[in-house]
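Worksheet: one structure, shown below.
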Amino acid sequence: MYALVDCNSFYVSCERVFDPGLRGVPVVVLSNNDGCVVARSAEAKACGIGMGAPIFKMKEAVKRYGVRVFSSNYTLYGDMSARVMNVLGRFSPGVEVYSIDEAFLDLSGMEGLKEYGYRIREVVGLELGLPVCVGVGRTKTLAKVANRIAKRHGRLRGVCVIDTAEKERRALEMTPVDGVWGIGGRLSKKLGRQGVRTALEFSEMPSAWVRKHMSVVGLRTQRELAGEACLSLELVRPRKKSVCVSRSFGSDIEGLGKLKEALSAFVSMCGAKVREEGCCASTLTVLLMTNRFRTDIPHCSDQLTVPLPVPSDSDLELAGYAMRAAERIHREGVRYKKAGVIAGGLVPKNEVTGDLFDKVDRERHAALSLATDRLNGKFGAGTVKLGSQGPGRGWSHRQERLSRRFSTRWEELVEVGGGRNLP
DNA sequence: TCTGGGGTCCTAGGACCC
DNA sequence: TCTGGGGTCCTAGGACCC
C-alpha cells in the first residue's frame, strides 16, 4: 500500500505557523511577480477566490473580506518542506518526495493503516504546526484519489484509507475524472465528449480507446485506478534533464539591449542551477514572449535552441550563446512581456566529452564560476554579476508582501514579547 | 495598470545513417 | 517497369504535474 501525505494549503499554512493572527481569517499567497493566487486558506476559498485567479481581479473580495495577501516566500516554504519530509522519513523506510508539499510513503505489509495515518497527522501537527491529509491506496494513483477525498470530507478528519474493492469502487464513483492524477483539463474535456464523467467510468473505458487517445500515459493511469501498480516509488531524486529560469517583466521590454540585460541575468541564475546539479548543459534555449493576455497587439512566442560544441556550466560561455540566440530571434519593435533561458541536455560534469579543438579555457571558467558562486553565496545573489547584465533590473518583478525568513535567518526570527513580529 | 515559474513525458515528423 | 527496411537523433508541440 502507498500513502500520499499532502500539506493543506501549504504556503498559507507556513505563513500561519509564524503568525497565529492569520488563523481563522482568509489568507492567500501569490505566485512570483505577485500575479496569481497559488494558495488559499479555506476561508479565502469561501470568499470566492479561485485557484490561479489574478489578484488584481480579486481586489473587491480582498477588501470586503479583509483577505490577507502574501508574496511567495520560497525560502520559508522550502525550509518547512524539508522539515516535513524529515518527519515523514520516520514513518516509512521508503519516502518519495513528490513535490514541495507532498510525499508518497511505502506502507506495504503494514496493519492498522488508518490509525497510522492519524498518527502521521498528529506528529506533523505537533512538531511543525502544519495540517496534512493522508490518503492510502493500493497504487500511487489510488492514494492520490484517497487523499483528495480526505481533503474534501471533514468527517474523515484528514485520513482516507481505500483498502477493499468496494471502497475502491465507491471512491472512483465519487471522483470526477478531472480529479484523477494525470488527467487534466484537455483530456477530461475529451473524455466528457465520450460521456465519461467519473473516475469509475474512465476505469471502465475500452483500453484500446485510452491507448489511442491518451497514449501510454493514459493507459497507465487507467491500470493504476484498477489497482495495478505501474508507478513505483522513486526513492532517489532522478537527475534533472534541464533547468530553466524565466520571468515576466514588471513592464514590457522593447529593444535588444534591455532584453540582453535581462537574459544575461537569467542565464547566470540558470548557470548557477546547472552547477548546483553538478552538471554541464549541452543545449541552451532562449525564449521571448509577448503578453498572451493582450488582444490589442499581435502575439509572438519565439524560441531558439542552440547546441553547445562542448557541454558547459560557465555563465560566461552560456551567456555568449544566449546573446547570439537572442539576436537571431529578437524582432524589432516588438514589446516583450516575458523571457527565459533553458539549459538542456544536462550531463554530469565528470562525464563530459571534450573537444580536441576546444578554444575555451575551461579551467579558468571553472575558477571564475567557483569564485562568483562563493561570493554570491556569502554576500547575497548579484554581488558579482556579468557585465552584460547592465546596472539596472529593468526586468525586475514585484514582491511587495513578503513575510520574513523566519526559519532560516537569525536576524529574521520571531521575537517573543517584542513588538516587532508584524510588519 | 496589474494574469507565475519550473519541471516531466510522449508523439510525430524530418534528417540522416547503413 | 521495378525505387527497402530499420534504426537513431533531434525538435516542436501538446499534454500533464505542483
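Each chain in the C-alpha cells gets a letter, A, B, ..., in the order shown, and its residues are numbered from 1; ligands are numbered from 1 in order too.
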Give me every helix (DSSP H, G or I) residue in region 81-232 of chain A, going by DSSP on the backbone, as a VMD selection string.
chain A and resid 81 to 88 113 to 128 140 to 152 154 to 156 165 to 173 177 to 179 185 to 193 199 to 203 207 to 225
May I have the residues within 12 Å of DT1 (chain B) as a CSV table (one decimal) with N, CA, C and O atoms, in the first residue's frame, using only C-alpha atoms (C1' of nucleotides) and disregarding those fewer than 3 positions away in the same chain?
```
chain,number,residue,atom,x,y,z
A,56,PHE,N,-5.3,41.1,-9.2
A,56,PHE,CA,-5.9,42.4,-9.5
A,56,PHE,C,-7.4,42.3,-9.7
A,56,PHE,O,-8.2,43.2,-9.6
A,57,LYS,N,-7.9,41.0,-10.1
A,57,LYS,CA,-9.3,40.9,-10.4
A,57,LYS,C,-10.0,40.5,-9.1
A,57,LYS,O,-11.3,40.5,-9.0
A,250,GLY,N,8.2,43.4,-15.1
A,250,GLY,CA,7.2,44.3,-14.5
A,250,GLY,C,6.5,45.1,-15.5
A,250,GLY,O,5.3,45.3,-15.5
A,251,SER,N,7.2,45.6,-16.5
A,251,SER,CA,6.6,46.2,-17.7
A,251,SER,C,7.3,45.7,-18.9
A,251,SER,O,8.4,45.2,-18.9
A,252,ASP,N,6.6,45.8,-20.1
A,252,ASP,CA,7.1,45.3,-21.3
A,252,ASP,C,8.5,45.8,-21.6
A,252,ASP,O,8.8,47.0,-21.3
```
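If you take only C-alpha atoms (C1' of nucleotides) and a cut-off of 6 Å, the residues of chain B that reach chain A are DC2, DT3 and DG4 of chain B.
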Restrict the calculation to only C-alpha atoms (C1' of nucleotides), then for each residue of region 336-423 of chain A with any atom at most 12 Å from an atom of region 6-18 of chain B give the closest atom pair and their distance in Å to one decimal, rows by chain and rising residue number, as a Markdown table.
```
| residue | atom | partner | partner_atom | distance |
| --- | --- | --- | --- | --- |
| A:Gly340 | CA | B:DG6 | C1' | 11.2 |
| A:Val341 | CA | B:DG6 | C1' | 11.5 |
| A:Ile342 | CA | B:DG6 | C1' | 10.2 |
| A:Gly344 | CA | B:DG7 | C1' | 11.8 |
```
Take the residues that were just selected and, keeping C-alpha atoms, output them as a PDB file, in the first residue's frame.
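Final output, result-v6.pdb:
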```pdb
ATOM      1  CA  GLY A 340      13.621  32.867 -20.331  1.00  0.00           C
ATOM      2  CA  VAL A 341      16.537  30.526 -20.822  1.00  0.00           C
ATOM      3  CA  ILE A 342      16.621  26.744 -20.579  1.00  0.00           C
ATOM      4  CA  GLY A 344      19.056  21.361 -21.574  1.00  0.00           C
TER       5      GLY A 344
END
```
Would you compute the distance between CA of Pro307 (chain A) and CA of Ser388 (chain A)? Give it in Å to one decimal.
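Separating CA of Pro307 (chain A) from CA of Ser388 (chain A) is a distance of 21.6 Å.
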What lies within 10 Å of Ser207 (chain A) using only C-alpha atoms (C1' of nucleotides), ignoring chain neighbours under 3 positions off, as number ranges by chain?
A: 202-204, 210-214, 218-220, 222-223
Go ahead and write the residues just picked, N, CA and C atoms, as a short mmCIF file (atom, residue, chain, number, x, y, z; two decimals), in the first residue's frame.
```
data_model
loop_
_atom_site.label_atom_id
_atom_site.label_comp_id
_atom_site.auth_asym_id
_atom_site.auth_seq_id
_atom_site.Cartn_x
_atom_site.Cartn_y
_atom_site.Cartn_z
N PHE A 202 -14.20 6.21 -16.31
CA PHE A 202 -12.92 6.18 -17.04
C PHE A 202 -12.27 4.81 -16.91
N SER A 203 -12.31 4.26 -15.70
CA SER A 203 -11.63 2.98 -15.49
C SER A 203 -12.31 1.86 -16.28
N GLU A 204 -13.57 2.08 -16.67
CA GLU A 204 -14.29 1.04 -17.41
C GLU A 204 -14.23 1.23 -18.92
N VAL A 210 -8.37 4.27 -24.87
CA VAL A 210 -7.48 5.04 -23.99
C VAL A 210 -6.08 5.11 -24.58
N ARG A 211 -5.60 3.97 -25.07
CA ARG A 211 -4.26 3.92 -25.65
C ARG A 211 -4.16 4.86 -26.85
N LYS A 212 -5.21 4.83 -27.66
CA LYS A 212 -5.16 5.61 -28.90
C LYS A 212 -5.23 7.12 -28.62
N HIS A 213 -6.09 7.51 -27.69
CA HIS A 213 -6.33 8.95 -27.49
C HIS A 213 -5.58 9.56 -26.33
N MET A 214 -5.03 8.73 -25.46
CA MET A 214 -4.36 9.29 -24.27
C MET A 214 -2.96 8.73 -24.09
N GLY A 218 -2.01 7.62 -20.40
CA GLY A 218 -3.40 7.43 -20.01
C GLY A 218 -3.68 5.98 -19.64
N LEU A 219 -3.08 5.10 -20.39
CA LEU A 219 -3.27 3.67 -20.13
C LEU A 219 -2.76 3.29 -18.74
N ARG A 220 -1.62 3.88 -18.40
CA ARG A 220 -1.01 3.61 -17.10
C ARG A 220 -1.94 4.10 -15.99
N GLN A 222 -5.13 4.42 -16.16
CA GLN A 222 -6.30 3.54 -16.09
C GLN A 222 -5.97 2.28 -15.29
N ARG A 223 -4.82 1.72 -15.54
CA ARG A 223 -4.43 0.49 -14.83
C ARG A 223 -4.20 0.75 -13.35
#
```
For a test of reading the model, state the distance in Å between CA of Ala343 (chain A) and CA of Gly271 (chain A), rounded to one decimal.
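We find that CA of Ala343 (chain A) and CA of Gly271 (chain A) lie 7.9 Å from each other.
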